[in-house]
Each structure stands twice: as structure tokens, then as C-alpha cells.
Amino acid sequence: MKRTLIYLFFAGALFASEGRSEVTSKTPVWPDSAPLTKRNVVLALDGDASVRVDVLGERLFRIRYSKTKQWTESGLNRYGIFPTVFPEVTFEQAEANGIYTLTTKHAKLTISRKDGAVTLVTADGKAVTRHSAPVYETNGGYEVRFALARDERLYGLGDVSRENVMRRGGSYEIWVKNVNSYIPIPVLFSSRGWGLLMNTTWRNTIDVGKKDPDQIICAAPRSDLDYYLFCGPDYRSLLDTYTSFTGRPALLPIWGYAFTYVCNQNIDAFNMINEGLTFRREGMPCDVIGLEPGWMSKNYDGTTAKAWHPQRFPIPYWAPKGPHTFLGALKRKGFKLSLWLCCDYDLGVYEEQLLAGITWTAVTNAAGKVININEGFEDERLIKPGSKKTKGEAKKDAPKILEPWFEHLKRFVDQGASAFKLDGSSQVIEHPTRKWGNGMTDEEMHNLYPVIYAKQMARGFEDHTKRRSMIYSAGGYAGVQRFVATWAGDTGGGAKPLASMLNLGFSGHSNHSCDMDISNSKGIHFGFLQTWAQQNNWDYWYQPWLQEEAQIAAFREYDKLRYKLLPYLYSSAAEAAFTGYPVMRAMSLAYPDDPAWDTTMCQYMLGDFLLVSAFSKEVRIPEGIWIDFWSGKPNKGPATLPVEITPKQGGALLVKSGAIIPTWPVYDHVEKGWSPEVGLLVYPAASSTFILHEDDGQSLAYRDGKFAKTRLTCETTGKTVKLTIGGREGAYSGMPETRDFTATIHLSARPQSITLDGAAVSESQWNDATCTAVVKIPACGKTARILVCE
């Protein structure tokens, strides 16, 4: 067999990749080659060490230590996982008595010239954290200790452990592990108003007061010492800052927040289409049908040569795409197809090609087969240094450029595939003897690999289609929220996956889910009341219509409820995409002033107004009035209430007083991020607000401001309730001039009068059983409309 070598010359080191990327044992150092600017401050410490501080925001600092004055980058920076553009920030510098101070509008950072100790102080003079002299070595390895206050609580770390939400008292290895730690993230958020991200992909540990109750100990045996330190008045602010430099959560296409169904892995095209039709016949909304590895001609094919299984999923070779294929049939019935993938590709090599300015171009013959992917390419960056070949010889013998991973998937997308599921498979498995083509050992590449995979999949799909991607992965690391959704891997749909979601939400990642358990109402309840919802048959027979009659009825009703709540969920997801504040919120995140919430792991807030319990016989409600969604019964908090589990209702669903919940009519599938008809479920309190987000639901234009916001407010004064549908602000392609709203307002008694923009409403409905007034508010657009019930 002919051997193909890829020679890469980066950072003064040569790496030859052959087959599984066996390379030299020397690990490269990635220098930060960007010139220093006015936001970078380098301080010489006593001895031969230096510290560099990058002032990235009014509350954000990046801090690096070196004994060589060589400032290195982690793979997260080098490969563009973290954004590189930051707004201008003004700060002052001063030095007195060996203490160097950097002061912004909202924070102050002090560094000791003697030993590099750091203190972070907020604008009001409160020292929120400090660390003593760090230990760090020239060839990598560090230990840094942050002081802990007596009553300080810490959250974050992603999916590193599902045993707790409040992390103090534990010691955690930040290392991607199959089943046990799919998405560890080396970030902490403190109840004292500060956050920390260790900027490394090397295997590292974070001890949160276990070894020493008064210290956080961050350590790694090989990595350089590089971290981000930031502060803020609350967790919302901290998440906003954190996702400003690691990436905002992606906004999925609208149908990504609907319902995804994954077929039995042994299914074929005919039965898959029949299952889609069964969803329609059964009145069960569904948008995505997913295939497991059985769709491929070779099971678990992780190469770029994969193909459809010729018997299960036949595609006419003479006409491989179009409405005549099974993908075309799915599309006509309103379904999007998702394909399962596994990957063992050397993704880092392609990242290095991008950094070197080298692009891959396919050259094909008349039959469309790639015959030479480097035709006419002449670039000495890919030729071994010291070679005496002429340019002509170099051109003739130039090694092949590595094909981008997503390139081979384009033909499946062109045929109609709309989503991809990234199995844990090789991406969460250790490769201890593998030498990666970018020069990294697995100790540095292992944590990085899942997030590079996510990046290349998302960017590949978006660049090819100009649409948002719906890609969901089992693995991840810091920054993964920017690219893909995730699910809780091969761990089912119970309480442990819930813990993972709460911790991921507390770590800047909002789009997460799990494999829904539809064998009982508890699993159905939890499965549909998540950020996004999916059910995976894998190798079993869990089709919804094959369950017991009680489960069938529960599935149908919860499925319809989810589709009804789509504008509420989508607006909450948009908030996450712009601020980092997640859709699913641990009670400690939503109600941070009460430490008792730290042990509450079987309930959560879903958006601003819905409280969901899962797998628990009781639910604790915060202060205020909470209305049972099912019965309409109000409950005064704080209190602990029993949860009645029935075949139709698998848990508590409580509405916070003041809620304004937008709804849509229940469609069997969705295509747009708006509806001509919008309902409002209104539960009046003194004053409340909700922002309705609308856009085209598919394109990337929302990133350029192509969306609309409508402020919904409700105010109560005595017996008067005023509901205002604000004038819509913004625009997007396909936006209707107006929409018709219908408000269902929960009141204590039937109103004596109802007016709309000052004119009496002649037609409304009153329901004595639910104490609700139903009022139509037509033609809502640029001008605010005010409804008053008295």
C-alpha cells in the first residue's frame, strides 16, 4: 500500500502524520504570536518570572505566568474555540509598595511583584478572591491556590460529576470520560461574585475545598498556567461575561426545540417512513427522525468513505438526490432527517492547515470522483524543511492536504440530511499511545477533541447550507456551547442526566437533553420539559404508539404541550444565545440567596416562569404564589408540596405568579420562528415582563440582528389588570406585518369591563371553572396594544 505522509511545519517543529498520526514524541509549544497591544500588560516578577495580564473587559482579565517570557496559547485559543474579538476597555495602571494595580470601571486586579499573588476586587472595594504565589514550571505544570471564604459556595465544572450541584467539598478531575464525565468544563462560579476558567486542555484537577477546606487548588502536571478571572454582581452577570469570551450558546433552528425521534438501529427506509406517518396519524407532533449507525453500509464507519446501506436505504445511483428519494418523501411530510456519526479522524491537522492558510480543494474527474485533492498546489509550508527539490519537483511530489472532515458529509446534506448526532464512540475514549498530527499527545488533545469536532461539524454545515445547524453531541469541553447541542450520552433519562443538565446550565451551556424514557409518565414529563427533547429507541421497541394506553395518552398530551410552549421555549433559548443565561436553571441559579437550594436536584426553573419537578414525591416552592398548571390551584410559598404522580401527569408543573407565557397553536411540525397566531397565558401579579423573540427560524441572520422582539408586560393595581403587547422592534426576512394574539387571563373574579386601546371589547369569553377571561387582540405589529380588565 502506498504511504501518504503529511508534513506540517508549525512553530519551528516538524510533524509527520501517517495513518493514525504517529508523530514525534516532542510536544509542541504554541506561542501567542499576536503583537502586544495596550490591553496587554507584562510585569517582571522578582527572580526570572513574568506575569502577563490581558484586560479583556471591565470585569474580565486573562492571566498567564512564564519563566521564559514566552506566552503560549491553549488549543482553545489557537483553534478559535474561544472568540478573539473583544470591545475596547479603558483601564488605569499604578504601582506602589511592590503591588501593581489595574483598575477598570467595575473591577480592580492587583499583582504582587514579589511572587505573583493576585487579588480581584470589585468596584465597591470588596476583595472577592485572591490566590497566593502560584507554582509553575518552565516545561509545564502548575498549582495555584485560591482562598475560600467560610460561607462561600461554588458551582459549575460542567458534567464532571452528577452527584451534586454545589461543588464545594469535592475534588474533580477535568478529563472527558465515557458515561462518567462527558462534558467537564474547568469553570467555577462563586457566590461571592467571581468566576474562574482554567485555560487548559491538558488533564487537570480542581479541588474545591476537599484537601484544604479554605482553598481551591487548581493543578496540572503538564500545562502552562493560564486562566481567566472575572467578577459580577450575580450569576446572570457572571454567565454573561463567561460566554462573552468562550462563546454564546448556539440558537438552534426552531424545529431543534420541537421533538426529535430516533428510530431502532435496525430500521430500513420503508419502516422509517411508516413510523413518520404513524406520528401524523396518531396526532403526535414530531419534526426530526433520526437514524442510528445501521444507516451505513459499514456499521460504525468512522471514515470519510461511508455510504448508505444498499439494502436498508437504497438510493438510485443514477439520481442520488431529489424528491423521488426516501429523503424527499420525509421532507414532504414535514420531517427532517438526522444521521448518526462516529469519528476517529485527526481533526487537529485540518485546524493547523487553516492556520497556515492552506485550503483543501477537491479535483474530480468526469464521473465526479476525486482524483487529486492537491492538483496544481504549490506551497512550501507542506514540504519538509531542508528539501533540495526545485519548485517544479515540489509541486509534483507535494503531499496531499487533509480533507476537511465535513467535506464527505456534504453529499448527504445535499440529499436531504438536516441534522447529525455525534456519538461518544471515539471522541470520548482515551488514545494514550496516539500521537496526533498537530504534535499534541493525547494528554493535551483528549479534552480538546470533542470541541474541535463540534466546531468543524457546525461550521461545516453552516458554511455549506447558510443555515443554522442542528448537531448534537455526547462529548464536549469549554466552548462547546457555541457550536452544538448535547445530550446526556448513554445514561438514560433519569435523575442523573437531570443533574448533568443543571450543572451544564451553570457552566454556560444551555442546549442539552437526554434520552427520554417513555415507559412511564415520570420519564415523559421530564423528557418533554427540557431545553430540547428527544427520544432514542436504539435497539429497542419504544415507539410511542406501542406503549400501554396510559403512556400513549401521556406521551401525546406532553408532546402537544411542548409544541404549544414553543414560543416560550424559543424565546428563552434566544435569551441564552444572547446572554448565556440557560433555559433550564438549577434552583441555586434562579434563587441564589438561599443556600438550602444547593441540595435540590430534582426540580428546576424552565425559563422565567415554569417550575418543573422530576422524579420526586415533593416539590419546594420559593416565596410568592405558584399556580398548579394542571389544576389552576394557587399555592403560597415558601412551602413544600406533595407531588401526585398519575399515569397522565409525571410530575409537578407550577407557574410563577406574574407569568406571561406565549403559546402557539399545536402544529404537527414547525418551519418558522413565528406564527400568525400567538396565545398568551397570563397570571397577573404586581408587575411582570416577558420578551417574545421571533425570527425566520432557520437562517444565520439572527447573528446579524435580523430578529424581532416584543415586550409583553402585565401590571396589577387593585382589581385592575393591564396587559400591554409592546410595539414589535426589529425585522427579519418573511416577517408578517401583524400577528393576532389571544390572551387567556387568570383572574380572581369576572371583570366588569374589558377595553382594548381604550375601546370597549364587545366579544370575550369567561370560564367560571378556570376563572379565566379569553380576549382576542388582533393585528399586533409596530404599535403597542393595551388591554385593561377591571
# chains A, B, ... in the order shown; residues from 1 in each chain; ligands from 1
>>> residues_around(residues="A:Cys514", least_positions_apart="3", cutoff="7 Å", atoms="only C-alpha atoms", output="list in words")
Trp487, Ala488, Gly489, Gly492, Gly493, Pro497 and Gln534 of chain A
>>> write_last_selection(atoms="all heavy atoms", output="PDB file, in the first residue's frame")
ATOM      1  N   TRP A 487     -26.514  15.825  24.389  1.00  0.00           N
ATOM      2  CA  TRP A 487     -27.419  15.023  25.199  1.00  0.00           C
ATOM      3  C   TRP A 487     -26.579  14.237  26.191  1.00  0.00           C
ATOM      4  O   TRP A 487     -25.350  14.204  26.079  1.00  0.00           O
ATOM      5  CB  TRP A 487     -28.307  14.136  24.318  1.00  0.00           C
ATOM      6  CG  TRP A 487     -27.813  12.767  24.015  1.00  0.00           C
ATOM      7  CD1 TRP A 487     -28.252  11.601  24.562  1.00  0.00           C
ATOM      8  CD2 TRP A 487     -26.799  12.393  23.063  1.00  0.00           C
ATOM      9  NE1 TRP A 487     -27.591  10.526  24.020  1.00  0.00           N
ATOM     10  CE2 TRP A 487     -26.687  10.991  23.093  1.00  0.00           C
ATOM     11  CE3 TRP A 487     -25.958  13.103  22.195  1.00  0.00           C
ATOM     12  CZ2 TRP A 487     -25.785  10.280  22.292  1.00  0.00           C
ATOM     13  CZ3 TRP A 487     -25.064  12.411  21.401  1.00  0.00           C
ATOM     14  CH2 TRP A 487     -24.989  11.024  21.460  1.00  0.00           C
ATOM     15  N   ALA A 488     -27.220  13.643  27.182  1.00  0.00           N
ATOM     16  CA  ALA A 488     -26.505  13.087  28.333  1.00  0.00           C
ATOM     17  C   ALA A 488     -25.883  11.729  28.060  1.00  0.00           C
ATOM     18  O   ALA A 488     -25.598  10.977  28.993  1.00  0.00           O
ATOM     19  CB  ALA A 488     -27.434  13.013  29.539  1.00  0.00           C
ATOM     20  N   GLY A 489     -25.672  11.402  26.785  1.00  0.00           N
ATOM     21  CA  GLY A 489     -24.984  10.171  26.429  1.00  0.00           C
ATOM     22  C   GLY A 489     -25.785   8.932  26.779  1.00  0.00           C
ATOM     23  O   GLY A 489     -27.011   8.943  26.884  1.00  0.00           O
ATOM     24  N   GLY A 492     -29.421   7.173  29.884  1.00  0.00           N
ATOM     25  CA  GLY A 492     -30.854   7.128  30.086  1.00  0.00           C
ATOM     26  C   GLY A 492     -31.482   8.494  30.282  1.00  0.00           C
ATOM     27  O   GLY A 492     -30.936   9.518  29.874  1.00  0.00           O
ATOM     28  N   GLY A 493     -32.656   8.475  30.948  1.00  0.00           N
ATOM     29  CA  GLY A 493     -33.432   9.697  31.091  1.00  0.00           C
ATOM     30  C   GLY A 493     -33.904   9.949  32.506  1.00  0.00           C
ATOM     31  O   GLY A 493     -35.010  10.447  32.708  1.00  0.00           O
ATOM     32  N   PRO A 497     -29.041  12.231  34.592  1.00  0.00           N
ATOM     33  CA  PRO A 497     -28.985  13.171  33.467  1.00  0.00           C
ATOM     34  C   PRO A 497     -29.518  14.553  33.817  1.00  0.00           C
ATOM     35  O   PRO A 497     -28.994  15.564  33.335  1.00  0.00           O
ATOM     36  CB  PRO A 497     -29.844  12.481  32.400  1.00  0.00           C
ATOM     37  CG  PRO A 497     -29.681  11.029  32.681  1.00  0.00           C
ATOM     38  CD  PRO A 497     -29.627  10.936  34.184  1.00  0.00           C
ATOM     39  N   GLN A 534     -35.735  14.752  22.949  1.00  0.00           N
ATOM     40  CA  GLN A 534     -35.529  13.663  22.004  1.00  0.00           C
ATOM     41  C   GLN A 534     -35.720  12.323  22.685  1.00  0.00           C
ATOM     42  O   GLN A 534     -35.473  12.165  23.881  1.00  0.00           O
ATOM     43  CB  GLN A 534     -34.141  13.754  21.364  1.00  0.00           C
ATOM     44  CG  GLN A 534     -32.967  13.614  22.312  1.00  0.00           C
ATOM     45  CD  GLN A 534     -32.293  12.242  22.280  1.00  0.00           C
ATOM     46  OE1 GLN A 534     -32.477  11.463  21.353  1.00  0.00           O
ATOM     47  NE2 GLN A 534     -31.525  11.959  23.299  1.00  0.00           N
TER      48      GLN A 534
END
>>> residues_around(residues="stretch 636-640 of chain A", least_positions_apart="5", cutoff="8 Å", atoms="only C-alpha atoms", output="tab-separated table (two decimals) with C-alpha atoms, in the first residue's frame")
chain	number	residue	atom	x	y	z
A	618	GLU	CA	-42.41	16.55	46.70
A	619	VAL	CA	-41.59	19.97	45.35
A	620	ARG	CA	-40.37	23.01	47.25
A	621	ILE	CA	-41.67	26.36	46.09
A	622	PRO	CA	-39.99	29.72	46.70
A	623	GLU	CA	-41.70	32.73	48.18
A	624	GLY	CA	-44.71	34.00	46.26
A	625	ILE	CA	-47.76	32.48	44.62
A	626	TRP	CA	-47.29	29.41	42.42
>>> closest_residue(among="A:Phe82, A:Phe326, A:Tyr65, A:Phe461", to="A:Ala133", atoms="only C-alpha atoms")
A:Tyr65
>>> residues_around(residues="stretch 99-115 of chain A", least_positions_apart="6", cutoff="8 Å", atoms="only C-alpha atoms", output="list in words")
Leu43, Ala44, Leu45, Asp46, Glu58, Arg59, Val89, Thr90, Phe91, Glu92, Gln93, Val121, Thr122, Ala123, Ala133, Pro134 and Cys231 of chain A
>>> residues_around(residues="stretch 164-173 of chain A", least_positions_apart="3", cutoff="6 Å", atoms="only C-alpha atoms", output="list in words")
Leu154, Tyr155, Thr205, Ile206, Asp207, Val208, Gly209, Lys210 and Asp598 of chain A
>>> atom_distance(atom1="atom CA of A:Asn635", atom2="atom CA of A:Phe506")
27.8 Å
>>> closest_atom_pairs(of="stretch 431-517 of chain A", to="stretch 331-355 of chain A", cutoff="8 Å", atoms="only C-alpha atoms", output="CSV")
residue,atom,partner,partner_atom,distance
A:Trp436,CA,A:Asp346,CA,6.8
A:Gly437,CA,A:Val349,CA,5.5
A:Asn438,CA,A:Val349,CA,5.3
A:Tyr449,CA,A:Leu347,CA,7.5
A:Ile452,CA,A:Leu347,CA,7.0
A:Tyr453,CA,A:Leu347,CA,7.0
>>> write_last_selection(atoms="N, CA, C and O atoms", output="PDB file, in the first residue's frame")
ATOM      1  N   TRP A 436      -0.874  12.722  17.908  1.00  0.00           N
ATOM      2  CA  TRP A 436      -1.730  13.419  16.969  1.00  0.00           C
ATOM      3  C   TRP A 436      -0.916  14.218  15.949  1.00  0.00           C
ATOM      4  O   TRP A 436       0.201  14.649  16.229  1.00  0.00           O
ATOM      5  N   GLY A 437      -1.505  14.423  14.787  1.00  0.00           N
ATOM      6  CA  GLY A 437      -0.792  15.053  13.682  1.00  0.00           C
ATOM      7  C   GLY A 437      -0.428  16.500  13.909  1.00  0.00           C
ATOM      8  O   GLY A 437       0.405  17.057  13.193  1.00  0.00           O
ATOM      9  N   ASN A 438      -1.034  17.148  14.894  1.00  0.00           N
ATOM     10  CA  ASN A 438      -0.642  18.521  15.220  1.00  0.00           C
ATOM     11  C   ASN A 438       0.485  18.566  16.250  1.00  0.00           C
ATOM     12  O   ASN A 438       0.877  19.641  16.691  1.00  0.00           O
ATOM     13  N   TYR A 449     -10.454  17.413  21.699  1.00  0.00           N
ATOM     14  CA  TYR A 449     -11.008  16.756  20.514  1.00  0.00           C
ATOM     15  C   TYR A 449     -12.517  16.938  20.365  1.00  0.00           C
ATOM     16  O   TYR A 449     -13.002  17.316  19.280  1.00  0.00           O
ATOM     17  N   ILE A 452     -13.338  20.483  19.113  1.00  0.00           N
ATOM     18  CA  ILE A 452     -12.921  20.686  17.718  1.00  0.00           C
ATOM     19  C   ILE A 452     -13.906  19.994  16.775  1.00  0.00           C
ATOM     20  O   ILE A 452     -14.311  20.530  15.741  1.00  0.00           O
ATOM     21  N   TYR A 453     -14.287  18.785  17.146  1.00  0.00           N
ATOM     22  CA  TYR A 453     -15.271  18.017  16.385  1.00  0.00           C
ATOM     23  C   TYR A 453     -16.569  18.817  16.252  1.00  0.00           C
ATOM     24  O   TYR A 453     -17.129  18.963  15.155  1.00  0.00           O
TER      25      TYR A 453
END
>>> closest_atom_pairs(of="stretch 224-284 of chain A", to="stretch 180-195 of chain A", cutoff="6 Å", atoms="only C-alpha atoms", output="CSV")
residue,atom,partner,partner_atom,distance
A:Leu229,CA,A:Gly195,CA,5.9
A:Phe230,CA,A:Gly195,CA,5.2
A:Cys231,CA,A:Trp194,CA,4.0
A:Gly232,CA,A:Gly193,CA,5.3
A:Pro233,CA,A:Gly193,CA,5.6
A:Asp234,CA,A:Gly193,CA,6.0
>>> select_by_dssp(residues="stretch 579-669 of chain A", states="strand (DSSP E or B)", output="MDAnalysis selection string")
chainID A and resid 584:586 603:606 610:613 618:628 634:642 653:656 660:663
>>> decode(residues="stretch 589-619 of chain A", atoms="N, CA and C atoms", output="mmCIF file, in the first residue's frame")
data_model
loop_
_atom_site.group_PDB
_atom_site.id
_atom_site.type_symbol
_atom_site.label_atom_id
_atom_site.label_comp_id
_atom_site.auth_asym_id
_atom_site.auth_seq_id
_atom_site.Cartn_x
_atom_site.Cartn_y
_atom_site.Cartn_z
ATOM 1 N N LEU A 589 -29.288 28.603 40.966
ATOM 2 C CA LEU A 589 -29.010 29.644 39.977
ATOM 3 C C LEU A 589 -30.134 30.681 39.951
ATOM 4 N N ALA A 590 -31.371 30.204 39.999
ATOM 5 C CA ALA A 590 -32.515 31.111 39.924
ATOM 6 C C ALA A 590 -32.786 31.835 41.240
ATOM 7 N N TYR A 591 -32.470 31.168 42.358
ATOM 8 C CA TYR A 591 -32.721 31.745 43.691
ATOM 9 C C TYR A 591 -31.447 31.620 44.534
ATOM 10 N N PRO A 592 -30.442 32.441 44.223
ATOM 11 C CA PRO A 592 -29.105 32.260 44.814
ATOM 12 C C PRO A 592 -28.979 32.639 46.273
ATOM 13 N N ASP A 593 -29.942 33.359 46.814
ATOM 14 C CA ASP A 593 -29.786 33.852 48.190
ATOM 15 C C ASP A 593 -30.093 32.806 49.254
ATOM 16 N N ASP A 594 -30.610 31.663 48.837
ATOM 17 C CA ASP A 594 -30.991 30.627 49.804
ATOM 18 C C ASP A 594 -30.102 29.402 49.619
ATOM 19 N N PRO A 595 -29.126 29.171 50.523
ATOM 20 C CA PRO A 595 -28.225 28.013 50.387
ATOM 21 C C PRO A 595 -28.944 26.667 50.438
ATOM 22 N N ALA A 596 -30.155 26.647 50.964
ATOM 23 C CA ALA A 596 -30.878 25.378 51.059
ATOM 24 C C ALA A 596 -31.168 24.784 49.690
ATOM 25 N N TRP A 597 -31.181 25.620 48.645
ATOM 26 C CA TRP A 597 -31.424 25.094 47.302
ATOM 27 C C TRP A 597 -30.268 24.243 46.789
ATOM 28 N N ASP A 598 -29.112 24.315 47.433
ATOM 29 C CA ASP A 598 -27.926 23.624 46.934
ATOM 30 C C ASP A 598 -28.092 22.110 46.865
ATOM 31 N N THR A 599 -28.958 21.569 47.682
ATOM 32 C CA THR A 599 -29.155 20.113 47.669
ATOM 33 C C THR A 599 -30.397 19.714 46.873
ATOM 34 N N THR A 600 -31.036 20.687 46.223
ATOM 35 C CA THR A 600 -32.244 20.413 45.451
ATOM 36 C C THR A 600 -31.856 20.079 44.021
ATOM 37 N N MET A 601 -32.009 18.810 43.654
ATOM 38 C CA MET A 601 -31.551 18.361 42.339
ATOM 39 C C MET A 601 -32.657 17.712 41.515
ATOM 40 N N CYS A 602 -33.889 17.720 42.027
ATOM 41 C CA CYS A 602 -34.993 17.100 41.294
ATOM 42 C C CYS A 602 -36.075 18.121 40.945
ATOM 43 N N GLN A 603 -35.695 19.364 40.809
ATOM 44 C CA GLN A 603 -36.594 20.384 40.296
ATOM 45 C C GLN A 603 -35.758 21.499 39.705
ATOM 46 N N TYR A 604 -36.381 22.313 38.863
ATOM 47 C CA TYR A 604 -35.641 23.365 38.176
ATOM 48 C C TYR A 604 -36.633 24.353 37.577
ATOM 49 N N MET A 605 -36.131 25.521 37.243
ATOM 50 C CA MET A 605 -36.911 26.503 36.510
ATOM 51 C C MET A 605 -36.688 26.268 35.021
ATOM 52 N N LEU A 606 -37.774 26.245 34.271
ATOM 53 C CA LEU A 606 -37.723 26.143 32.816
ATOM 54 C C LEU A 606 -38.127 27.504 32.273
ATOM 55 N N GLY A 607 -37.137 28.307 31.914
ATOM 56 C CA GLY A 607 -37.405 29.694 31.585
ATOM 57 C C GLY A 607 -37.741 30.493 32.830
ATOM 58 N N ASP A 608 -38.315 31.660 32.628
ATOM 59 C CA ASP A 608 -38.565 32.578 33.743
ATOM 60 C C ASP A 608 -39.703 32.149 34.660
ATOM 61 N N PHE A 609 -40.691 31.403 34.116
ATOM 62 C CA PHE A 609 -41.949 31.282 34.836
ATOM 63 C C PHE A 609 -42.401 29.870 35.187
ATOM 64 N N LEU A 610 -41.781 28.844 34.662
ATOM 65 C CA LEU A 610 -42.252 27.479 34.907
ATOM 66 C C LEU A 610 -41.304 26.746 35.841
ATOM 67 N N LEU A 611 -41.863 26.158 36.896
ATOM 68 C CA LEU A 611 -41.093 25.340 37.832
ATOM 69 C C LEU A 611 -41.481 23.883 37.600
ATOM 70 N N VAL A 612 -40.485 23.043 37.335
ATOM 71 C CA VAL A 612 -40.714 21.641 36.995
ATOM 72 C C VAL A 612 -40.092 20.753 38.059
ATOM 73 N N SER A 613 -40.837 19.766 38.536
ATOM 74 C CA SER A 613 -40.247 18.739 39.394
ATOM 75 C C SER A 613 -40.065 17.475 38.563
ATOM 76 N N ALA A 614 -39.100 16.652 38.941
ATOM 77 C CA ALA A 614 -38.837 15.409 38.215
ATOM 78 C C ALA A 614 -38.329 14.352 39.187
ATOM 79 N N PHE A 615 -38.948 13.175 39.140
ATOM 80 C CA PHE A 615 -38.507 12.012 39.916
ATOM 81 C C PHE A 615 -38.497 12.300 41.424
ATOM 82 N N SER A 616 -39.492 13.027 41.873
ATOM 83 C CA SER A 616 -39.570 13.381 43.277
ATOM 84 C C SER A 616 -41.018 13.352 43.735
ATOM 85 N N LYS A 617 -41.230 12.998 44.995
ATOM 86 C CA LYS A 617 -42.578 12.960 45.562
ATOM 87 C C LYS A 617 -42.994 14.278 46.194
ATOM 88 N N GLU A 618 -42.074 15.246 46.170
ATOM 89 C CA GLU A 618 -42.410 16.554 46.704
ATOM 90 C C GLU A 618 -41.678 17.632 45.933
ATOM 91 N N VAL A 619 -42.200 18.832 46.017
ATOM 92 C CA VAL A 619 -41.586 19.967 45.351
ATOM 93 C C VAL A 619 -41.592 21.138 46.327
#
